[in-house]
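What follows is data19.cif (mmCIF, C-alpha atoms and all ligand atoms).
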```cif
data_structure
loop_
_atom_site.label_atom_id
_atom_site.label_comp_id
_atom_site.auth_asym_id
_atom_site.auth_seq_id
_atom_site.Cartn_x
_atom_site.Cartn_y
_atom_site.Cartn_z
CA MET A 129 0.00 0.00 0.00
CA LEU A 130 1.42 3.42 -0.95
CA THR A 131 0.96 6.22 1.56
CA LYS A 132 1.51 9.92 0.87
CA ASP A 133 2.31 12.23 3.74
CA LEU A 134 4.19 15.31 4.85
CA ALA A 135 7.32 14.42 6.74
CA ILE A 136 10.37 15.74 8.58
CA CYS A 137 13.51 13.60 8.68
CA ILE A 138 14.54 13.16 12.32
CA ARG A 139 17.24 10.53 11.85
CA ALA A 140 19.30 9.26 8.94
CA VAL A 141 21.94 6.55 9.00
CA ASP A 142 23.91 4.96 6.19
CA TYR A 143 22.68 1.48 5.37
CA SER A 144 25.05 0.64 2.53
CA GLU A 145 27.26 2.40 -0.01
CA THR A 146 24.19 3.71 -1.75
CA SER A 147 21.24 3.51 0.68
CA GLN A 148 20.09 5.05 3.93
CA VAL A 149 17.73 4.07 6.71
CA VAL A 150 15.75 7.15 7.64
CA THR A 151 13.30 7.97 10.39
CA PHE A 152 10.57 10.36 9.36
CA PHE A 153 8.11 12.09 11.63
CA THR A 154 5.07 12.29 9.38
CA ARG A 155 2.00 14.40 9.87
CA GLU A 156 -0.74 11.81 9.43
CA THR A 157 1.02 8.51 10.09
CA GLY A 158 3.37 9.43 12.93
CA LYS A 159 6.94 8.22 13.13
CA ILE A 160 8.09 5.72 10.52
CA GLY A 161 11.37 3.99 9.74
CA ALA A 162 12.06 3.56 6.05
CA ILE A 163 14.75 2.38 3.74
CA ALA A 164 15.71 4.88 1.04
CA LYS A 165 17.22 2.68 -1.63
CA GLY A 166 19.82 4.38 -3.78
CA SER A 167 19.48 7.70 -1.94
CA LYS A 168 23.25 8.22 -1.95
CA ARG A 169 23.66 7.63 -5.67
CA PRO A 170 24.54 10.74 -7.71
CA LYS A 171 21.27 10.46 -9.62
CA SER A 172 19.12 9.53 -6.66
CA ALA A 173 15.34 9.61 -6.94
CA PHE A 174 15.34 11.74 -3.78
CA GLY A 175 17.60 14.49 -5.08
CA GLY A 176 20.64 13.25 -3.14
CA PRO A 177 21.19 11.84 0.35
CA ILE A 178 18.34 12.62 2.73
CA GLU A 179 19.44 15.02 5.43
CA ILE A 180 18.23 15.17 8.99
CA LEU A 181 15.74 18.07 9.52
CA SER A 182 14.83 18.24 5.82
CA HIS A 183 11.09 18.17 5.26
CA GLY A 184 8.69 17.73 2.39
CA LYS A 185 6.28 15.33 0.74
CA ILE A 186 7.01 11.64 0.91
CA VAL A 187 5.50 8.50 -0.55
CA PHE A 188 6.26 5.22 1.12
CA SER A 189 5.06 1.67 0.96
CA ASP A 190 4.27 0.21 4.31
CA SER A 191 4.96 -3.47 3.93
CA SER A 192 4.10 -4.43 7.47
CA ASP A 193 0.68 -5.58 8.55
CA ARG A 194 -1.07 -2.77 10.43
CA SER A 195 -2.57 -5.22 12.89
CA ASP A 196 0.87 -6.51 13.75
CA SER A 197 2.04 -4.60 16.79
CA SER A 198 5.67 -5.63 16.44
CA ARG A 199 6.22 -3.61 13.24
CA GLU A 200 9.85 -4.32 12.97
CA LYS A 201 9.89 -4.16 9.23
CA LEU A 202 10.99 -0.96 7.56
CA ALA A 203 8.76 0.83 5.11
CA THR A 204 10.22 1.56 1.68
CA LEU A 205 10.57 5.17 0.68
CA THR A 206 9.55 5.63 -2.93
CA GLU A 207 9.46 9.44 -3.21
CA PHE A 208 10.80 12.41 -1.26
CA GLU A 209 10.32 15.92 -2.49
CA PRO A 210 12.15 18.28 -0.12
CA ALA A 211 10.53 21.65 0.45
CA TYR A 212 12.55 24.82 0.15
CA GLY A 213 14.24 25.10 3.51
CA GLY A 214 13.78 28.81 4.15
CA PRO A 215 16.52 31.36 4.62
CA GLY A 216 19.14 28.84 5.73
CA LEU A 217 21.56 29.23 8.57
CA ALA A 218 24.62 30.53 6.75
CA GLY A 219 25.88 33.81 8.11
CA LEU A 220 23.94 33.67 11.35
CA HIS A 221 26.15 34.21 14.37
CA ASN A 222 24.34 31.60 16.46
CA ALA A 223 23.79 29.15 13.57
CA LEU A 224 25.55 26.22 15.24
CA PHE A 225 23.63 26.68 18.48
CA ALA A 226 20.34 26.90 16.54
CA LEU A 227 21.18 23.75 14.59
CA ASN A 228 22.11 21.86 17.77
CA CYS A 229 18.77 22.89 19.32
CA CYS A 230 17.00 21.44 16.24
CA TYR A 231 18.97 18.17 16.50
CA PHE A 232 18.19 18.02 20.22
CA ALA A 233 14.46 18.53 19.55
CA ALA A 234 14.53 15.83 16.83
CA GLU A 235 16.26 13.42 19.23
CA LEU A 236 13.60 13.96 21.91
CA LEU A 237 10.81 13.56 19.36
CA ASP A 238 12.34 10.30 18.13
CA HIS A 239 12.55 8.86 21.64
CA LEU A 240 9.19 10.03 22.98
CA THR A 241 6.90 9.07 20.11
CA ASP A 242 5.91 5.60 18.93
CA ASP A 243 5.91 4.32 15.36
CA TYR A 244 2.63 4.79 13.51
CA ASP A 245 1.16 6.91 16.31
CA PRO A 246 0.10 10.17 14.59
CA HIS A 247 0.34 13.57 16.30
CA PRO A 248 -0.56 16.16 13.61
CA GLU A 249 -0.38 19.10 16.06
CA LEU A 250 3.04 18.03 17.23
CA PHE A 251 4.14 17.76 13.59
CA ASP A 252 2.93 21.32 12.91
CA GLY A 253 4.55 22.58 16.12
CA PHE A 254 7.86 20.91 15.28
CA LEU A 255 7.92 22.30 11.75
CA GLN A 256 7.12 25.77 13.07
CA PHE A 257 9.83 25.40 15.70
CA LEU A 258 12.44 24.45 13.06
CA GLN A 259 11.48 27.40 10.89
CA ASP A 260 11.43 29.88 13.79
CA VAL A 261 14.76 28.70 15.20
CA GLN A 262 16.55 28.67 11.86
CA LYS A 263 15.78 32.30 11.17
CA ASN A 264 16.55 33.47 14.69
CA ASP A 265 19.98 34.80 15.60
CA ASN A 266 19.34 35.55 19.24
CA LYS A 267 20.50 32.86 21.66
CA PRO A 268 18.00 33.54 24.48
CA GLN A 269 15.12 33.58 21.97
CA ILE A 270 16.27 30.26 20.47
CA LEU A 271 16.42 28.77 23.97
CA ALA A 272 12.94 30.13 24.76
CA LEU A 273 11.57 28.48 21.57
CA LEU A 274 13.24 25.21 22.55
CA ILE A 275 11.74 25.30 26.06
CA LEU A 276 8.26 25.91 24.67
CA PHE A 277 8.73 23.12 22.11
CA GLN A 278 9.72 20.68 24.89
CA LEU A 279 6.63 21.59 26.91
CA GLY A 280 4.45 21.07 23.82
CA LEU A 281 6.11 17.71 23.15
CA LEU A 282 5.55 16.50 26.72
CA LYS A 283 1.92 17.55 26.55
CA GLU A 284 1.33 15.77 23.21
CA VAL A 285 2.80 12.48 24.41
CA GLY A 286 0.80 12.54 27.65
CA LEU A 287 3.63 13.58 29.96
CA GLN A 288 2.63 17.21 30.57
CA PRO A 289 4.32 18.40 33.78
CA ILE A 290 2.08 19.92 36.46
CA LEU A 291 3.10 23.58 36.74
CA ASP A 292 0.08 25.43 38.09
CA HIS A 293 -0.09 23.79 41.51
CA CYS A 294 1.95 21.69 43.90
CA VAL A 295 1.69 18.11 42.60
CA ASN A 296 1.43 16.78 46.14
CA CYS A 297 -0.85 19.08 48.17
CA LYS A 298 -2.53 20.84 45.18
CA THR A 299 -1.78 24.35 46.49
CA ARG A 300 -2.20 26.62 43.49
CA TYR A 301 0.52 28.95 42.30
CA GLU A 302 -0.54 32.46 41.52
CA HIS A 303 0.65 33.64 38.15
CA GLN A 304 2.61 36.55 39.52
CA ALA A 305 6.24 36.30 40.48
CA SER A 306 5.76 38.50 43.54
CA SER A 307 2.99 36.36 45.01
CA ILE A 308 4.47 32.90 44.44
CA GLN A 309 4.84 30.94 47.65
CA TYR A 310 8.59 30.70 47.42
CA PRO A 311 10.64 28.48 47.42
CA VAL A 312 9.33 26.26 44.63
CA TYR A 313 10.92 22.99 43.55
CA PHE A 314 10.74 20.86 40.42
CA SER A 315 10.65 17.10 40.81
CA SER A 316 10.94 14.66 37.91
CA SER A 317 9.46 11.81 39.93
CA ALA A 318 6.45 14.00 40.79
CA ASN A 319 6.32 15.29 37.17
CA GLY A 320 5.98 18.91 38.21
CA LEU A 321 6.29 21.54 40.89
CA VAL A 322 6.28 20.86 44.61
CA CYS A 323 5.97 23.40 47.41
CA LYS A 324 8.24 23.97 50.41
CA ASP A 325 5.99 21.90 52.71
CA CYS A 326 6.01 18.89 50.40
CA GLU A 327 9.57 18.97 49.04
CA PRO A 328 11.10 16.69 51.78
CA ALA A 329 9.11 13.78 50.29
CA PHE A 330 10.81 14.21 46.89
CA PRO A 331 14.55 13.48 47.12
CA ASP A 332 15.08 14.31 43.43
CA LYS A 333 13.65 17.83 43.68
CA ILE A 334 15.59 20.83 42.41
CA LYS A 335 15.09 24.27 43.96
CA LEU A 336 14.10 26.88 41.37
CA SER A 337 15.23 30.46 41.33
CA ARG A 338 12.44 33.00 41.75
CA ASP A 339 12.61 33.90 38.05
CA ALA A 340 12.55 30.28 36.86
CA ALA A 341 9.58 29.58 39.15
CA ALA A 342 7.80 32.62 37.72
CA CYS A 343 8.40 31.42 34.15
CA LEU A 344 7.25 27.86 34.77
CA THR A 345 4.05 28.93 36.53
CA SER A 346 3.35 31.52 33.82
CA LEU A 347 4.68 30.26 30.50
CA LYS A 348 3.98 33.49 28.66
CA GLN A 349 6.94 34.99 30.53
CA ILE A 350 9.36 32.57 28.84
CA PRO A 351 9.94 34.55 25.59
CA GLU A 352 10.94 37.59 27.67
CA ALA A 353 13.08 35.78 30.22
CA ALA A 354 16.79 36.41 30.78
CA GLU A 355 19.28 33.95 29.32
CA LYS A 356 20.39 32.89 32.81
CA THR A 357 16.83 31.89 33.72
CA LEU A 358 16.29 30.05 30.44
CA LYS A 359 19.52 28.12 30.95
CA GLU A 360 18.39 27.15 34.43
CA ILE A 361 15.07 25.85 33.08
CA GLN A 362 16.81 24.02 30.24
CA ARG A 363 19.15 22.32 32.75
CA ILE A 364 16.13 21.14 34.73
CA PHE A 365 14.48 19.86 31.54
CA ILE A 366 17.63 17.94 30.57
CA ARG A 367 17.63 16.26 33.97
CA HIS A 368 13.94 15.52 33.51
CA PHE A 369 14.45 14.00 30.03
CA THR A 370 17.40 12.02 31.40
CA GLU A 371 15.00 10.48 33.94
CA LEU A 372 12.35 9.84 31.29
CA LEU A 373 14.75 8.25 28.78
CA GLY A 374 16.94 6.49 31.33
CA ARG A 375 20.05 8.26 30.00
CA PRO A 376 21.04 11.80 28.99
CA PRO A 377 19.95 12.88 25.50
CA LYS A 378 23.03 12.74 23.24
CA MET A 379 22.69 16.36 22.12
CA ALA A 380 22.18 17.72 25.65
CA LYS A 381 25.80 18.79 26.14
CA TYR A 382 25.60 21.07 23.10
CA ILE A 383 22.64 22.99 24.50
CA VAL A 384 23.69 23.95 28.01
CA ARG A 385 26.47 22.99 30.41
CA ILE A 386 25.00 20.62 32.99
ZN ZN A 401 2.69 20.99 48.43
#
```

Kindly return the structure encoded in the file as structure tokens.
Ligand SMILES: [Zn+2]
Amino acid sequence: MLTKDLAICIRAVDYSETSQVVTFFTRETGKIGAIAKGSKRPKSAFGGPIEILSHGKIVFSDSSDRSDSSREKLATLTEFEPAYGGPGLAGLHNALFALNCCYFAAELLDHLTDDYDPHPELFDGFLQFLQDVQKNDNKPQILALLILFQLGLLKEVGLQPILDHCVNCKTRYEHQASSIQYPVYFSSSANGLVCKDCEPAFPDKIKLSRDAAACLTSLKQIPEAAEKTLKEIQRIFIRHFTELLGRPPKMAKYIVRI
């Protein structure tokens, strides 16, 4: 059966001299693994080797039986028509940082979604994130976009952290920095914020600065936050993803020093 979809390449590894195995995050089908036969040949049907983060229309044949939950068989990519990638990163001062943030986001997406489990809103959000980041030359703004993407990803895969009240005693946080019952802690095991009365029960908790607590309880403050605060939040997220994945994300060290 041939399936047409919009897709973003989130992983690409060489399979042979001439072929690649690629992982696409598709809009309607979800994540798929596919073999791109002959993609590395000079006259490839895909316009050359398929690059991670490239996006466009794909056609693939899904040889596995949809009722078979194992799904170990790769689909076969028959067409890939890359879309124009936008302004490109050349010349941007923070291009490498922006690119590393995109790779980091792709890595998280790969590990937190299941094959053939569609998330169209997450697809749209990821594509928007890639486009926004790749035309941004301001490091704090790139970090803010990454933080918001990670929150969107967690929400889409059913792991949304609890940020508007203490996970344990349900005390609500007011959305004003001045009125937050400080100190506030983040706990991965609790999947959210815990208050000063409850924190002794959560050995993995991390104390937040006042500014980081303000941002996490009122996400609209994130785009305006100082770089120091964004780095603090990103460090907490990396620890959180390390817990979720059972190991640190490979790209983590290129985003912020832990
Ligand atoms: Zn509490």

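A distance search around ligand ZN 401 (chain A) (6 Å at most, all atoms listed in the file) returns the following protein and nucleic acid residues: Cys294, Asn296, Cys297, Thr299, Val322, Cys323, Asp325 and Cys326 of chain A.
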
Problem - Separation of atom CA of A:Asp243 from atom CA of A:Ser182, in Å and rounded to one decimal - result: 19.1 Å

Handout entry: Minimum-distance residue to A:Leu205, chosen among A:Leu134, A:Ile186, A:Leu347, A:Leu287 (using only C-alpha atoms)
Key =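 Distance minimum relative to A:Leu205 lands on A:Ile186.
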
Exercise for the section: Scan for residues within 10 Å of the point (17.3, 9.7, 39.0) in the coordinates of the file, using all atoms listed in the file, and reply as a PyMOL selection string. Expected result: chain A and resi 316-317+331-332+367-368+370-372+374-375

Exercise for the section: Give the answer as one residue: which of A:Tyr143, A:Tyr244, A:Phe225, A:Tyr212 has the shortest atom-to-atom distance to A:Thr157, using only C-alpha atoms? Expected result: A:Tyr244

Exercise for the section: Identify, on the basis of all atoms listed in the file, every residue whose closest approach to A:Glu156 does not exceed 8 Å; exclude the query and any residue fewer than 3 positions from it along the same chain; express the result as a count of residues only. Expected result: 5

Exercise for the section: Name all residues at most 12 Å from A:Leu344 (count all atoms listed in the file; drop same-chain ones fewer than 2 positions away) and give them as a PyMOL selection string. Expected result: chain A and resi 272+275-276+279+289-293+301-305+308+312-314+320-321+336-342+346-351+353+357-358+360-362+364-365

Using the file's own x, y and z axes, what box holds all listed atoms of stretch 176-193 of chain A with 3 Å on each side, keeping edges along x, y and z, and what are its centre and edge lengths in Å to one decimal, as AutoDock Vina command-line options?
```
--center_x 10.9 --center_y 6.3 --center_z 3.2 --size_x 26.5 --size_y 29.8 --size_z 18.7
```

Handout entry: Atomic distance atom CA of A:Glu352 - atom CA of A:Tyr382, expressed in Å with one decimal
Key =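 So the two atoms, atom CA of A:Glu352 and atom CA of A:Tyr382, lie 22.6 Å apart.
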
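Nearest-residue note for A:Ala140: choosing from A:Arg155, A:Lys168, A:Lys298, A:Lys324, the minimum distance belongs to A:Lys168, counting all atoms listed in the file.
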
Residues near stretch 147-153 of chain A, cut-off 7 Å, all atoms listed in the file, skip fewer than 4 positions along chain, as a short mmCIF file (atom, residue, chain, number, x, y, z; two decimals) with C-alpha atoms, keeping the file's coordinate frame:
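Just written: result.cif:
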```
data_model
loop_
_atom_site.label_atom_id
_atom_site.label_comp_id
_atom_site.auth_asym_id
_atom_site.auth_seq_id
_atom_site.Cartn_x
_atom_site.Cartn_y
_atom_site.Cartn_z
CA ALA A 135 7.32 14.42 6.74
CA ILE A 136 10.37 15.74 8.58
CA CYS A 137 13.51 13.60 8.68
CA ILE A 138 14.54 13.16 12.32
CA ARG A 139 17.24 10.53 11.85
CA ALA A 140 19.30 9.26 8.94
CA VAL A 141 21.94 6.55 9.00
CA ASP A 142 23.91 4.96 6.19
CA TYR A 143 22.68 1.48 5.37
CA GLY A 158 3.37 9.43 12.93
CA LYS A 159 6.94 8.22 13.13
CA ILE A 160 8.09 5.72 10.52
CA GLY A 161 11.37 3.99 9.74
CA ALA A 162 12.06 3.56 6.05
CA ILE A 163 14.75 2.38 3.74
CA ALA A 164 15.71 4.88 1.04
CA LYS A 165 17.22 2.68 -1.63
CA GLY A 166 19.82 4.38 -3.78
CA SER A 167 19.48 7.70 -1.94
CA LYS A 168 23.25 8.22 -1.95
#
```
